[in-house]
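Take a look at the structure set out below.
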Amino acid sequence: MQTKKLTFRNAWLPYLLLAPQVIITAIFFLWPAGQALYQSLLRQDAFGFNTTFVGLDNFTRLFQDDLYVNALQVTLIFSVGTTLLSMSVALLLAVLVNRMLRSRDTYTTFLVWPYAIAPAIAGILWWFIFNPSIGILPYFLEMLGISWNHRSNGNQAMLLVIIAAAWKQISYNFLFFLAGLQSIPHSLIEAAAIDGANKFKRFWTIVFPLLSPITFFLMVVNVVYAMFDTFGVIHATTEGGPAQATNILVYKVYRDGFVSMNLGSSAAQSVILMAIVVLLTVLQFKYIERRVNY
Amino acid sequence: MSSIRILNLSKVYDDSTHAVKQINLNIDDGEFIVLVGPSGCGKSTLLRMIAGLETISDGELYIGDRLVNNLEPAERDIAMVFQNYALYPHMTVYKNMAYGLKNRGFSASEIEERVQKTAKMLEIEQFLTRKPKALSGGQRQRVAMGRALVREPAAFLLDEPLSNLDAKLRVQMRVEIKQLQKRLKTTSLYVTHDQLEAMTLGDRLVVLNQGQVEQVGAPLEVYNRPETLFVAGFIGSPSMNLIDIDHLDKSINAHALSSLPKGTDILGIRPDCLSSSQPNEPSIQLECNMTLFEPSGAESHLYMSLKDQQQILIMRVESLKQEFSEPYFKVYAKIKDIHPFNKLSGKRTD
Amino acid sequence: MVDNDRWGNLLAHCILIVGVALVVFPIYIAVIASTHTGSTFLSGTLPLLPGKEAWTNYTTVIFEGRSRAGTPPIAQMLWNSFIMAMAITIGKLSISLLSAFAIVYFQFRFRLFFFWIIFLTLMLPVEVRIVPTFQVVADLGMLNSFAGLSIPLIASATATFLFRQFFMTIPEEMLEAARVDGAGPLKFFKDILLPLSITNIAALFVIMFIYGWNQYLWPLLITTDPSYYTIVMGIQRMATGGDSEPLWHLVMATVVVAALPPVLVILFMQRLFVKGLTETEK
């Protein structure tokens, strides 16, 4: 990795400059991560008196545990659902806004601010809107003959958290898609128009392929978001219920560690989550490489 | 003000490229030296070593009587003008000029006095409160000069300072820099790849090629008597015709060729030393046909190829187009105008 | 260019307006709900037009709170959120600027090693190491303190990379000129680098402030003393805390107040926000 060609020569200053960042990283990131690794190999008895080394037993147990396998599935559905919903809505809006000249900024202003809403608050908002007794949407759904109750219906609860999580993320995806669309040279689209491609053809054969690096990048970012940043959505609304229907991995780690105090299992779950983040980060960097080559 | 002494100066980079090889040079107090050469010849590296922006791999560098090899740039009492000016974009012109003085602990009143004086000299007083972004290229160039002048250093180092200007402004600034240097008499080192700039500016030229000095001398000295093939080709525009002796008609030119020094196998002839009429003194004769006529106002250039050869020669002619009825015509060069070289050594043979 | 078909544009506007309406809808509902009395909700569905109780509701939540429903006055929580968000933002910006400066402008031993250490923080979000991090903070006696709320969150690979990237685009000659002008490392940092980075700092400020303000899991873990509650986690306690149906009109008033600061930051600094967002992720 590069520095400037000309650099300062100083024996201790660079270490001093790096110290705050490195110390905080070591104490609050590396040490706990190491602890998680270590604890994932141990098991405590019910009273916390005795700790024994159990090797990978915590991991094997996890994958034999129906609740954990369920959490994996729930996380998968939740992440894919949130990513697809948020990205498709954002792409549609970005493509339309990009057509506009005068009204572009106005629309953008209306579409960016949900980014500022905390996931927990987004959850509460939709929880309220879908509230079975006083919410406005169940009232309309009732007219369509659909009875809504996310407190007893697991699928409806899942739909609710997906909508809440996706809603907040629309702004982010929208801004990136819009930036991507604006970086496509106009001459390319004009050339396609001269070549006789109609609007839809132009979009699918020129615009969409050129957006693919951004789309890929956003997919990774959205999956990361759905897996890790949505703790608040779940915790403030369904709390994993009903009957484990929305118990995503991050929420389960928290519950098992803090509420059930099952440290070994929680640590093993942490380690698995770390592995997932590492994988996603590598994917994300693949994207950066690709863009550099492009 | 002081002299600069360069002893066996070398620069080897980490990847073991040898950018500057054992250069020796004595620069007198007040002299205006131009380092000239093609890109990658090491001229900028040499300048930056003198500035302290590149470490010195080997050799010694004296500014005045001080050995400065290991001194910080700020401690060497030099000022530098950068190719892209490197003005601090967030500071006004005044602050740009004052920054170096402030760091050296000058008092506010002295800074004020010096900045005003320099700004007046460069006619940039009205820009002092502006930021660089609000200035034109030429104005920025002046500010960059001002930032160097205001320090009143022992030496000025200028790294292609005019290359970002358009042609007209470049000529104008060239003249101004020359006059300024004459007036201030501050030792100056000026790097350029433009041989015209080099010829017009310097008291002495240092022609560099592949990290080595090819020739040092006053501009006309270098022009009139290039010591190496490289210098012969590099200095002068259009460049000198370098003709392989084997391409000449040996029978017609037998007498003329015998008068050349031993070992000569390349003849250097400047485009203005070729003529289409036979002179009354010993000369060589070349048979050519015309490939292109290039009029450019006061003078014109005639491109022609030697008979049965690929090589293109350039001749300087009067502005009017000369008509040649024959497919081939003869051009002549006086023996005394010929620069004889040896191909292998690359050196002059006389 | 070739797009001058009116119907297409009209259709586009229609879809956009529906889209914007859907995006705005939840907050609209929240605002409406916060202007009615609590009894309105008991009678069935929520009205779609504002009521008259806005003043009462907002003053109630901000200054009085409803301890019965587990709700302290939110003025305190707002203040806590503000302190936490500012501490995180300023902390992240400062240590990232310093580290990026070291990495770009110095040659030293273990430079790459340190770079990778910083890089690792990207891979370890707090959510995946909840329990052990909590233990560390507890062992250091930082529970229920602003230090505990902010310091563990201020390491930032993203900000460090952004500044590194920005520093790399600053022309080499800027440093050379400064060196010739007699500036040492700290002077160069203060006089040249910081002023040049000001737009980037401002853009990141927006992003980080929102990040800090919206922290949820972390304050939830390490605060047990209500005087350190932050607003975002506080709402959760109001909305799901009691056994009975929450007091929705007050919850929604709180939601509006809690969302307002970051939303205002985005709306007033939209340009910087967009720049900060799209450039951090490069």
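Note on naming: chains are A, B, ... as they come in the structure tokens, residues start from 1 per chain, ligands start from 1 in the order shown.
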
Exercise. When DSSP works through the backbone of this structure, what residues of segment 209-285 of chain B end up as strand (DSSP E or B), shown as JSON, numbers by chain?
Worked result: {"B": [209, 212, 213, 214, 215, 216, 217, 228, 241, 242, 243, 244, 266, 267, 268, 269, 274, 275, 283, 284, 285]}

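Selected on chain B by distance to chain C: Leu53, Pro73, Ala74, Ala79, Ala86, Tyr88, His90, Tyr99, Gly100, Asn103 and Arg104 of chain B (within 7 Å, counting only C-alpha atoms).
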
With all heavy atoms retained, export the selected residues as a PDB file, in the first residue's frame.
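Okay, this is what ended up in result.pdb:
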```
ATOM      1  N   LEU B  53      14.204  17.299  -1.431  1.00  0.00           N
ATOM      2  CA  LEU B  53      12.961  16.540  -1.543  1.00  0.00           C
ATOM      3  C   LEU B  53      13.222  15.089  -1.936  1.00  0.00           C
ATOM      4  O   LEU B  53      12.344  14.253  -1.854  1.00  0.00           O
ATOM      5  CB  LEU B  53      12.022  17.196  -2.562  1.00  0.00           C
ATOM      6  CG  LEU B  53      11.604  18.618  -2.201  1.00  0.00           C
ATOM      7  CD1 LEU B  53      10.835  19.269  -3.331  1.00  0.00           C
ATOM      8  CD2 LEU B  53      10.771  18.628  -0.932  1.00  0.00           C
ATOM      9  N   PRO B  73      14.634  20.380   3.696  1.00  0.00           N
ATOM     10  CA  PRO B  73      14.512  21.410   2.660  1.00  0.00           C
ATOM     11  C   PRO B  73      14.492  22.821   3.249  1.00  0.00           C
ATOM     12  O   PRO B  73      15.122  23.737   2.717  1.00  0.00           O
ATOM     13  CB  PRO B  73      13.173  21.097   2.009  1.00  0.00           C
ATOM     14  CG  PRO B  73      12.883  19.689   2.321  1.00  0.00           C
ATOM     15  CD  PRO B  73      13.607  19.343   3.574  1.00  0.00           C
ATOM     16  N   ALA B  74      13.780  22.955   4.372  1.00  0.00           N
ATOM     17  CA  ALA B  74      13.625  24.292   4.942  1.00  0.00           C
ATOM     18  C   ALA B  74      14.943  24.835   5.475  1.00  0.00           C
ATOM     19  O   ALA B  74      15.122  26.037   5.604  1.00  0.00           O
ATOM     20  CB  ALA B  74      12.585  24.246   6.056  1.00  0.00           C
ATOM     21  N   ALA B  79      14.481  28.270  -2.294  1.00  0.00           N
ATOM     22  CA  ALA B  79      13.049  28.408  -2.532  1.00  0.00           C
ATOM     23  C   ALA B  79      12.764  27.701  -3.842  1.00  0.00           C
ATOM     24  O   ALA B  79      13.638  27.595  -4.698  1.00  0.00           O
ATOM     25  CB  ALA B  79      12.642  29.869  -2.624  1.00  0.00           C
ATOM     26  N   ALA B  86       1.697  24.382  -6.917  1.00  0.00           N
ATOM     27  CA  ALA B  86       1.538  23.931  -5.533  1.00  0.00           C
ATOM     28  C   ALA B  86       1.195  25.075  -4.587  1.00  0.00           C
ATOM     29  O   ALA B  86       1.729  25.169  -3.492  1.00  0.00           O
ATOM     30  CB  ALA B  86       2.795  23.196  -5.049  1.00  0.00           C
ATOM     31  N   TYR B  88      -1.157  26.814  -1.890  1.00  0.00           N
ATOM     32  CA  TYR B  88      -2.094  26.264  -0.917  1.00  0.00           C
ATOM     33  C   TYR B  88      -3.491  26.793  -1.250  1.00  0.00           C
ATOM     34  O   TYR B  88      -3.746  27.990  -1.138  1.00  0.00           O
ATOM     35  CB  TYR B  88      -1.707  26.671   0.503  1.00  0.00           C
ATOM     36  CG  TYR B  88      -0.247  26.389   0.817  1.00  0.00           C
ATOM     37  CD1 TYR B  88       0.606  27.406   1.202  1.00  0.00           C
ATOM     38  CD2 TYR B  88       0.259  25.099   0.699  1.00  0.00           C
ATOM     39  CE1 TYR B  88       1.936  27.149   1.482  1.00  0.00           C
ATOM     40  CE2 TYR B  88       1.597  24.836   0.972  1.00  0.00           C
ATOM     41  CZ  TYR B  88       2.424  25.872   1.357  1.00  0.00           C
ATOM     42  OH  TYR B  88       3.739  25.622   1.630  1.00  0.00           O
ATOM     43  N   HIS B  90      -6.357  26.809   0.076  1.00  0.00           N
ATOM     44  CA  HIS B  90      -7.252  27.392   1.081  1.00  0.00           C
ATOM     45  C   HIS B  90      -6.723  28.698   1.641  1.00  0.00           C
ATOM     46  O   HIS B  90      -7.335  29.301   2.496  1.00  0.00           O
ATOM     47  CB  HIS B  90      -7.463  26.389   2.209  1.00  0.00           C
ATOM     48  CG  HIS B  90      -6.168  25.988   2.861  1.00  0.00           C
ATOM     49  ND1 HIS B  90      -5.227  25.205   2.206  1.00  0.00           N
ATOM     50  CD2 HIS B  90      -5.652  26.263   4.070  1.00  0.00           C
ATOM     51  CE1 HIS B  90      -4.198  25.017   3.012  1.00  0.00           C
ATOM     52  NE2 HIS B  90      -4.410  25.650   4.144  1.00  0.00           N
ATOM     53  N   TYR B  99       3.476  32.320   4.322  1.00  0.00           N
ATOM     54  CA  TYR B  99       3.551  31.105   5.127  1.00  0.00           C
ATOM     55  C   TYR B  99       4.990  30.709   5.477  1.00  0.00           C
ATOM     56  O   TYR B  99       5.297  30.409   6.643  1.00  0.00           O
ATOM     57  CB  TYR B  99       2.840  29.969   4.398  1.00  0.00           C
ATOM     58  CG  TYR B  99       2.683  28.721   5.227  1.00  0.00           C
ATOM     59  CD1 TYR B  99       1.938  28.752   6.410  1.00  0.00           C
ATOM     60  CD2 TYR B  99       3.270  27.522   4.847  1.00  0.00           C
ATOM     61  CE1 TYR B  99       1.792  27.623   7.179  1.00  0.00           C
ATOM     62  CE2 TYR B  99       3.123  26.382   5.611  1.00  0.00           C
ATOM     63  CZ  TYR B  99       2.386  26.433   6.777  1.00  0.00           C
ATOM     64  OH  TYR B  99       2.246  25.304   7.542  1.00  0.00           O
ATOM     65  N   GLY B 100       5.863  30.735   4.476  1.00  0.00           N
ATOM     66  CA  GLY B 100       7.248  30.342   4.722  1.00  0.00           C
ATOM     67  C   GLY B 100       7.951  31.288   5.681  1.00  0.00           C
ATOM     68  O   GLY B 100       8.759  30.862   6.507  1.00  0.00           O
ATOM     69  N   ASN B 103       6.654  30.617   9.265  1.00  0.00           N
ATOM     70  CA  ASN B 103       7.273  29.436   9.862  1.00  0.00           C
ATOM     71  C   ASN B 103       8.710  29.679  10.272  1.00  0.00           C
ATOM     72  O   ASN B 103       9.247  28.973  11.114  1.00  0.00           O
ATOM     73  CB  ASN B 103       7.238  28.264   8.882  1.00  0.00           C
ATOM     74  CG  ASN B 103       5.836  27.716   8.736  1.00  0.00           C
ATOM     75  OD1 ASN B 103       4.986  27.926   9.599  1.00  0.00           O
ATOM     76  ND2 ASN B 103       5.602  27.029   7.634  1.00  0.00           N
ATOM     77  N   ARG B 104       9.333  30.677   9.665  1.00  0.00           N
ATOM     78  CA  ARG B 104      10.718  30.965  10.029  1.00  0.00           C
ATOM     79  C   ARG B 104      10.799  32.036  11.103  1.00  0.00           C
ATOM     80  O   ARG B 104      11.882  32.533  11.400  1.00  0.00           O
ATOM     81  CB  ARG B 104      11.495  31.405   8.786  1.00  0.00           C
ATOM     82  CG  ARG B 104      11.850  30.239   7.910  1.00  0.00           C
ATOM     83  CD  ARG B 104      12.533  30.685   6.645  1.00  0.00           C
ATOM     84  NE  ARG B 104      12.979  29.523   5.901  1.00  0.00           N
ATOM     85  CZ  ARG B 104      12.186  28.743   5.187  1.00  0.00           C
ATOM     86  NH1 ARG B 104      10.898  28.999   5.137  1.00  0.00           N
ATOM     87  NH2 ARG B 104      12.648  27.694   4.534  1.00  0.00           N
TER      88      ARG B 104
END
```

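Once Phe156 of chain B and its same-chain neighbours fewer than 5 positions away are set aside, Ile78, Ala79, Met80, Val81, Ala148, Thr186, Thr187, Ser188 and Leu189 of chain B remain within 8 Å of it when counting only C-alpha atoms.
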
Selection to disk with C-alpha atoms, as a compact mmCIF listing (two decimals), in the first residue's frame:
```
# COMPACT_ATOMS: atom_id res chain seq x y z
CA ILE B 78 16.43 27.54 -1.02
CA ALA B 79 13.05 28.41 -2.53
CA MET B 80 11.26 26.37 -5.13
CA VAL B 81 8.75 27.02 -7.90
CA ALA B 148 9.79 31.94 -3.78
CA THR B 186 20.21 35.13 -7.11
CA THR B 187 21.74 31.78 -7.99
CA SER B 188 19.06 29.93 -9.95
CA LEU B 189 18.56 26.41 -11.22
```

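Rounded to one decimal, atom CA of Ala159 of chain C and atom CA of Leu13 of chain A lie 20.6 Å from each other.
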
Write out as a Markdown table the residues of chain A that have any atom within 12 Å of an atom of chain B, one row each with the nearest atom pair and its distance in Å to one decimal, counting only C-alpha atoms, sorted by chain and then rising number.
```
| residue | atom | partner | partner_atom | distance |
| --- | --- | --- | --- | --- |
| A:Lys4 | CA | B:Leu53 | CA | 11.9 |
| A:Lys5 | CA | B:Glu54 | CA | 9.0 |
| A:Leu6 | CA | B:Leu53 | CA | 6.8 |
| A:Thr7 | CA | B:Leu53 | CA | 9.3 |
| A:Phe8 | CA | B:Glu72 | CA | 10.2 |
| A:Arg9 | CA | B:Glu72 | CA | 10.2 |
```

For this session: Extract, using only C-alpha atoms, all DNA, RNA and protein residues at most 7 Å from Leu46 of chain C, discarding same-chain residues fewer than 4 positions from it, and format them as number ranges by chain.
Result: A: 134-136; C: 41

For this session: Please report as a ChimeraX atom specification which residues of chain C come no farther than 6 Å from chain A, using only C-alpha atoms.
Result: /C:12,44-45,95,98-99,102,104-106,123,128-129,132-133,152,155,214,236,259,262-263

Expected file: the selected residues, C-alpha atoms, as a JSON list (two decimals), in the first residue's frame:
```
[["chain", "number", "residue", "atom", "x", "y", "z"],
["C", 12, "ALA", "CA", -43.37, 8.78, -14.37],
["C", 44, "GLY", "CA", -60.86, 2.13, 16.79],
["C", 45, "THR", "CA", -58.98, 3.28, 13.75],
["C", 95, "ILE", "CA", -8.73, 9.43, 15.46],
["C", 98, "LEU", "CA", -4.71, 11.13, 12.76],
["C", 99, "SER", "CA", -4.37, 7.53, 11.63],
["C", 102, "ALA", "CA", 0.24, 8.60, 9.84],
["C", 104, "VAL", "CA", -0.12, 8.27, 4.22],
["C", 105, "TYR", "CA", 2.60, 10.68, 5.25],
["C", 106, "PHE", "CA", 5.00, 8.53, 7.23],
["C", 123, "MET", "CA", -15.18, -7.17, 9.99],
["C", 128, "VAL", "CA", -21.28, -10.03, 16.40],
["C", 129, "ARG", "CA", -19.26, -9.69, 19.58],
["C", 132, "PRO", "CA", -17.40, -10.21, 25.26],
["C", 133, "THR", "CA", -17.43, -6.49, 24.44],
["C", 152, "PRO", "CA", -15.92, 1.73, 22.18],
["C", 155, "ALA", "CA", -12.71, 3.20, 16.04],
["C", 214, "ASN", "CA", -29.26, 6.09, 15.96],
["C", 236, "GLN", "CA", -38.55, 1.01, 22.66],
["C", 259, "ALA", "CA", -36.30, 11.49, 14.43],
["C", 262, "PRO", "CA", -31.01, 13.54, 12.21],
["C", 263, "VAL", "CA", -33.71, 14.30, 9.64]]
```

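Residues in contact with Lys336 of chain B at up to 12 Å, not including ones fewer than 4 positions away on its chain and judged by only C-alpha atoms, are Asn224, Arg225, Ala256, Leu257, Ser259, Leu260, Pro261, Leu267, Gly268, Ile269, Arg270, Cys273, Leu274, Pro279, Glu281, Pro282, Ser283, Ile284, Tyr332, Pro340 and Asp350 of chain B.
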
Exercise. C:Ala75, C:Ala54, C:Ile235, C:Ile29: which is nearest Val255 of chain C, counting only C-alpha atoms?
Worked result: C:Ile235

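Comparing the minimum interatomic distances between Glu110 of chain B and each of B:Val150, B:Leu9, B:Leu162, B:Leu87, counting only C-alpha atoms, we find that B:Val150 sits nearest.
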
Please identify all polymer residues within 10 Å of Asp203 of chain B, counting only C-alpha atoms, omitting same-chain residues fewer than 3 positions from it, and present them as a compact mmCIF listing (two decimals) with N, CA and C atoms, in the first residue's frame.
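Printed below is out-v5.txt as written:
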```
# COMPACT_ATOMS: atom_id res chain seq x y z
N GLY B 30 25.12 33.65 -8.15
CA GLY B 30 24.41 34.54 -9.06
C GLY B 30 24.19 33.99 -10.45
N GLU B 31 24.65 32.79 -10.69
CA GLU B 31 24.54 32.24 -12.03
C GLU B 31 23.14 31.69 -12.28
N PHE B 32 22.74 31.72 -13.55
CA PHE B 32 21.45 31.14 -13.95
C PHE B 32 21.76 29.89 -14.76
N ILE B 33 21.51 28.74 -14.14
CA ILE B 33 21.83 27.46 -14.78
C ILE B 33 20.54 26.80 -15.22
N VAL B 34 20.54 26.29 -16.45
CA VAL B 34 19.36 25.55 -16.91
C VAL B 34 19.72 24.09 -17.08
N LYS B 178 13.85 36.01 -16.88
CA LYS B 178 15.23 36.35 -17.22
C LYS B 178 15.60 37.72 -16.64
N SER B 188 20.31 30.57 -9.57
CA SER B 188 19.06 29.93 -9.95
C SER B 188 19.32 28.66 -10.74
N ALA B 198 15.63 26.72 -22.68
CA ALA B 198 16.97 26.55 -22.14
C ALA B 198 17.95 27.52 -22.80
N MET B 199 17.90 27.61 -24.13
CA MET B 199 18.81 28.48 -24.87
C MET B 199 18.65 29.93 -24.46
N THR B 200 17.40 30.37 -24.32
CA THR B 200 17.16 31.79 -24.10
C THR B 200 17.39 32.21 -22.66
N GLY B 217 27.81 24.26 -20.75
CA GLY B 217 28.39 25.41 -21.44
C GLY B 217 27.37 26.51 -21.68
N ALA B 218 27.85 27.66 -22.13
CA ALA B 218 26.95 28.76 -22.47
C ALA B 218 26.09 28.30 -23.65
N PRO B 219 24.85 28.85 -23.75
CA PRO B 219 23.92 28.36 -24.77
C PRO B 219 24.53 28.33 -26.18
N LEU B 220 25.19 29.41 -26.59
CA LEU B 220 25.70 29.45 -27.96
C LEU B 220 26.87 28.50 -28.15
```

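The space separating atom CA of Met208 of chain C from atom CA of Ile88 of chain C comes to 7.5 Å.
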
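Pairwise distance (atom CA of Leu196 of chain B, atom CA of Val175 of chain B) equals 12.3 Å.
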